Amino acid sequence: MKKYLAASLLVLSVLVAGCNFNETKESQETKTQLHFTEPAELLTLDTTQEEDFTSFNAQNQVLEGLYQLNEKDEAIPAVAKELPKISADKQTYTITLRKDAKWSNGESVTAQDFLYAWRRAVTPETAPSYASLFVSSIKNAEAIYKGDMQPEQLGVKAADDYTLEIQLIKPIPYFTSLLSFETFFPINQAFAEKQGDSYGTSSKTTLYNGPFTLEGWEQNSDTWQYVKNPDYWDAENVAIDEIKTSVVKSTSTAVDLYQTGELDRVVLDGEFSKQYKNDADFQNQNDTKMGYLRFNQGKDKLLANQSLRKALALAIDRETFVKNVLGDGSIAATGFIPQNFVQNPKTGEDFRKENGTQQSFDSAAAKKAFEQALAELGKKEVTLVYLTKDSDTEKKTAEYLASQIEEVLPQVKFEITTLPSNNLQERYLAGDYDIAFGQWMPDFKDAITFLDMFASTSGLNHVNYNNPKYDQLIQAATETHAADELERWNDLLQAEHVLLAEDYTIAPIYQQQTALLQKKKITGVVKHSFGSPYSFKYIKVAKD
């Protein structure tokens, strides 16, 4: 998923319910309120438009697909009544929907809502960047996406209001968990079409079917509230009545609020991680999210030059960076596939260990590659625009990485541009940058989720990378060798090598680990290793 734009770090707090003269004394005593913070604005609730972590996180709380991930990252029934019935050839999925799943306007969630959303996701005029998830899995999706077929020909049909039949183009072992991803969520057609272009741009122009509804939000808002959805089919197991959310971009501000008792959970970075690592409330969570530099290889861009990309990638001392800037236990990246994510289907060896180091700090090699780049470009120095989000951590990251590179390569100069998430998104998608910092959290548990977005035909390939050799390896992994686990594994190993050690398409910097302070009375903030970052449905707060 998941997944390459600016990070959505999460802070949680519990507020004591204040006096409300319109409430009874009993409701005041029993109502549970929480206060979250996000480091970036919420951009959209339209599941065919999201590409940022705050939007993914919000959508996972207020909307729900056929399946959801539990505390162990296992796919369990949500709108679906049970796990799918799978044909002998593993290419036909028959899914029965529960009849008590409702939209927040009281209407039933039906198979037609999934048909509408999925057809919308592959129609060229409305397809999101994540259309590739459909193209690589569902029958006729690619032809529709290319404009060669009509959306109605998608390999999905509603046998009745509560039965969905899905035709795959090949067996996909992770397909059930993929159905928990936001792009596969349903959309109420009548409501969405009534809202037109405003659909998903505010609380009032969105319809909900998840554990919560959203109130008080419009695009560019810095506050919103999750409110328990009384029509949710599993409402009796949602313990929280309201979650207030504010955008807080400064870690020091968040820590101050924690220390004064206004926040009960705060994510830490840098010096704060070091300062509080022995605190009784300190926690450290494993993560599969990768932070990396994206090199724009578009027409007339300096970074279309492979030697320059190589020089920059090798000029970064990742070990020093994670120690001095992040300080939260994050791991210096040696590749793009994270540690402890996927394993060799035959030997069980971890992907990261088997494929070894693809990029690392090498000052001499960086200088040599840079000299070659200058000769090839006919320049004596280069100036690069570095695009990043305006959060504390990303600003510090940009400054530190730029200084590291400039120390090794003095003829490189950076223009660091910090922007709010919505403005950054516009600049990035328009290709108006040289380097852009990004983070990627896997959409599902398979290495392909990190690699196929760099195929030349991918809607997520905003760095304009194009290498037929790489495309062939991705095609082999997704088609030719789809049924041969070991051959497919080898294709993925080779693809990462080409991406990083031959073409230097991106520069992975770190595998994130989350350091935080959290009061012991809070449990059930579920952190996922793929898909949406968090689920709030399971949160519970012990009474003082």
# chains A, B, ... in the order shown; residues from 1 in each chain; ligands from 1

$ select_by_dssp --residues "segment 47-89 of chain A" --states "strand (DSSP E or B)" --output "list in words"
Tyr67, Gln68, Leu69, Ala75, Ile76, Pro77, Ala80, Lys85 and Ile86 of chain A

$ residues_around --residues "Ser273 of chain A" --least-positions-apart "3" --cutoff "9 Å" --atoms "only C-alpha atoms" --output "MDAnalysis selection string"
chainID A and resid 267:270 276:277 282 326:329 515:516

$ residues_around --residues "segment 110-119 of chain A" --least-positions-apart "2" --cutoff "7 Å" --atoms "only C-alpha atoms" --output "number ranges by chain"
A: 108, 121-123, 151, 154, 156, 158, 161-164, 184-189

$ write_last_selection --atoms "all heavy atoms" --output "compact mmCIF listing (two decimals), in the first residue's frame"
# COMPACT_ATOMS: atom_id res chain seq x y z
N SER A 108 -28.81 -0.59 2.88
CA SER A 108 -27.98 -1.79 2.98
C SER A 108 -26.76 -1.67 2.06
O SER A 108 -26.84 -1.08 0.97
CB SER A 108 -28.78 -3.03 2.59
OG SER A 108 -29.83 -3.26 3.52
N ALA A 121 -12.91 2.12 -10.42
CA ALA A 121 -11.46 2.06 -10.19
C ALA A 121 -10.67 1.65 -11.42
O ALA A 121 -9.45 1.83 -11.45
CB ALA A 121 -11.16 1.11 -9.04
N VAL A 122 -11.32 1.08 -12.43
CA VAL A 122 -10.60 0.67 -13.65
C VAL A 122 -11.03 1.45 -14.89
O VAL A 122 -10.45 1.29 -15.96
CB VAL A 122 -10.77 -0.85 -13.92
CG1 VAL A 122 -10.12 -1.66 -12.81
CG2 VAL A 122 -12.23 -1.24 -14.08
N THR A 123 -12.04 2.32 -14.74
CA THR A 123 -12.46 3.17 -15.85
C THR A 123 -11.41 4.26 -16.06
O THR A 123 -11.06 4.96 -15.09
CB THR A 123 -13.83 3.81 -15.56
OG1 THR A 123 -14.79 2.77 -15.37
CG2 THR A 123 -14.26 4.72 -16.70
N PRO A 151 -16.52 -0.91 -18.77
CA PRO A 151 -16.45 -1.26 -17.34
C PRO A 151 -17.36 -2.42 -16.95
O PRO A 151 -17.03 -3.19 -16.04
CB PRO A 151 -16.88 0.04 -16.65
CG PRO A 151 -16.52 1.12 -17.63
CD PRO A 151 -16.76 0.53 -18.98
N LEU A 154 -15.97 -6.03 -16.60
CA LEU A 154 -15.05 -6.44 -15.54
C LEU A 154 -15.46 -7.80 -15.01
O LEU A 154 -16.64 -8.10 -14.87
CB LEU A 154 -15.06 -5.40 -14.41
CG LEU A 154 -14.07 -5.63 -13.26
CD1 LEU A 154 -12.64 -5.48 -13.75
CD2 LEU A 154 -14.35 -4.65 -12.12
N VAL A 156 -16.32 -9.33 -12.56
CA VAL A 156 -17.01 -9.36 -11.27
C VAL A 156 -18.49 -9.21 -11.53
O VAL A 156 -18.91 -8.36 -12.33
CB VAL A 156 -16.54 -8.21 -10.34
CG1 VAL A 156 -17.23 -8.31 -8.99
CG2 VAL A 156 -15.04 -8.22 -10.19
N ALA A 158 -22.67 -9.54 -9.68
CA ALA A 158 -23.52 -9.72 -8.52
C ALA A 158 -24.59 -10.75 -8.87
O ALA A 158 -25.50 -10.46 -9.65
CB ALA A 158 -24.17 -8.40 -8.11
N ASP A 161 -28.20 -9.46 -4.55
CA ASP A 161 -27.77 -8.31 -3.74
C ASP A 161 -26.68 -8.67 -2.74
O ASP A 161 -25.92 -7.79 -2.29
CB ASP A 161 -28.95 -7.70 -3.00
CG ASP A 161 -29.81 -6.82 -3.91
OD1 ASP A 161 -29.34 -6.51 -5.03
OD2 ASP A 161 -30.92 -6.46 -3.50
N TYR A 162 -26.59 -9.94 -2.38
CA TYR A 162 -25.66 -10.32 -1.32
C TYR A 162 -24.68 -11.42 -1.74
O TYR A 162 -24.12 -12.10 -0.89
CB TYR A 162 -26.45 -10.74 -0.07
CG TYR A 162 -27.30 -9.63 0.47
CD1 TYR A 162 -28.67 -9.58 0.19
CD2 TYR A 162 -26.75 -8.60 1.21
CE1 TYR A 162 -29.46 -8.54 0.66
CE2 TYR A 162 -27.52 -7.54 1.68
CZ TYR A 162 -28.87 -7.53 1.40
OH TYR A 162 -29.66 -6.48 1.86
N THR A 163 -24.47 -11.55 -3.03
CA THR A 163 -23.49 -12.54 -3.52
C THR A 163 -22.63 -11.91 -4.61
O THR A 163 -23.14 -11.38 -5.60
CB THR A 163 -24.19 -13.78 -4.09
OG1 THR A 163 -25.07 -14.33 -3.11
CG2 THR A 163 -23.16 -14.84 -4.48
N LEU A 164 -21.34 -11.95 -4.41
CA LEU A 164 -20.38 -11.37 -5.33
C LEU A 164 -19.50 -12.47 -5.89
O LEU A 164 -18.98 -13.30 -5.15
CB LEU A 164 -19.52 -10.34 -4.60
CG LEU A 164 -18.79 -9.25 -5.39
CD1 LEU A 164 -19.79 -8.36 -6.12
CD2 LEU A 164 -17.93 -8.41 -4.44
N PHE A 184 -10.50 -1.34 -2.63
CA PHE A 184 -11.52 -2.36 -2.86
C PHE A 184 -12.78 -2.13 -2.02
O PHE A 184 -13.68 -2.96 -2.02
CB PHE A 184 -10.95 -3.75 -2.56
CG PHE A 184 -9.96 -4.24 -3.59
CD1 PHE A 184 -8.62 -3.92 -3.48
CD2 PHE A 184 -10.39 -4.98 -4.69
CE1 PHE A 184 -7.70 -4.36 -4.43
CE2 PHE A 184 -9.48 -5.42 -5.65
CZ PHE A 184 -8.14 -5.11 -5.51
N PHE A 185 -12.85 -1.01 -1.32
CA PHE A 185 -14.02 -0.71 -0.51
C PHE A 185 -15.22 -0.37 -1.40
O PHE A 185 -15.05 0.08 -2.54
CB PHE A 185 -13.74 0.47 0.42
CG PHE A 185 -12.89 0.13 1.62
CD1 PHE A 185 -12.32 -1.12 1.77
CD2 PHE A 185 -12.64 1.08 2.59
CE1 PHE A 185 -11.54 -1.43 2.88
CE2 PHE A 185 -11.87 0.79 3.70
CZ PHE A 185 -11.31 -0.46 3.85
N PRO A 186 -16.45 -0.52 -0.91
CA PRO A 186 -17.63 -0.20 -1.70
C PRO A 186 -17.91 1.30 -1.74
O PRO A 186 -17.42 2.06 -0.89
CB PRO A 186 -18.76 -0.92 -0.94
CG PRO A 186 -18.31 -0.86 0.49
CD PRO A 186 -16.79 -1.05 0.43
N ILE A 187 -18.67 1.73 -2.72
CA ILE A 187 -19.15 3.12 -2.82
C ILE A 187 -20.63 3.07 -3.19
O ILE A 187 -21.02 2.35 -4.11
CB ILE A 187 -18.37 3.91 -3.89
CG1 ILE A 187 -16.89 4.04 -3.50
CG2 ILE A 187 -18.98 5.30 -4.09
CD1 ILE A 187 -16.03 4.71 -4.56
N ASN A 188 -21.44 3.83 -2.49
CA ASN A 188 -22.87 3.93 -2.78
C ASN A 188 -23.06 4.79 -4.02
O ASN A 188 -22.79 6.00 -3.99
CB ASN A 188 -23.60 4.52 -1.57
CG ASN A 188 -25.10 4.57 -1.76
OD1 ASN A 188 -25.60 5.31 -2.60
ND2 ASN A 188 -25.82 3.79 -0.98
N GLN A 189 -23.47 4.19 -5.12
CA GLN A 189 -23.51 4.88 -6.41
C GLN A 189 -24.41 6.10 -6.40
O GLN A 189 -24.01 7.18 -6.86
CB GLN A 189 -23.96 3.91 -7.52
CG GLN A 189 -24.00 4.55 -8.90
CD GLN A 189 -24.32 3.54 -10.00
OE1 GLN A 189 -24.49 2.35 -9.72
NE2 GLN A 189 -24.39 4.00 -11.23

$ residues_around --residues "Tyr428 of chain A" --least-positions-apart "5" --cutoff "8 Å" --atoms "only C-alpha atoms" --output "MDAnalysis selection string"
chainID A and resid 387 433 436 462

$ closest_residue --among "A:Leu34, A:Ser198, A:Asp52, A:Asn355" --to "Leu263 of chain A" --atoms "only C-alpha atoms"
A:Leu34

$ closest_residue --among "A:Tyr470, A:Trp489, A:Phe56, A:Tyr465" --to "Lys299 of chain A" --atoms "only C-alpha atoms"
A:Tyr465

$ closest_residue --among "A:Lys85, A:Val541, A:Asp197, A:Asp446" --to "Pro345 of chain A" --atoms "only C-alpha atoms"
A:Asp446
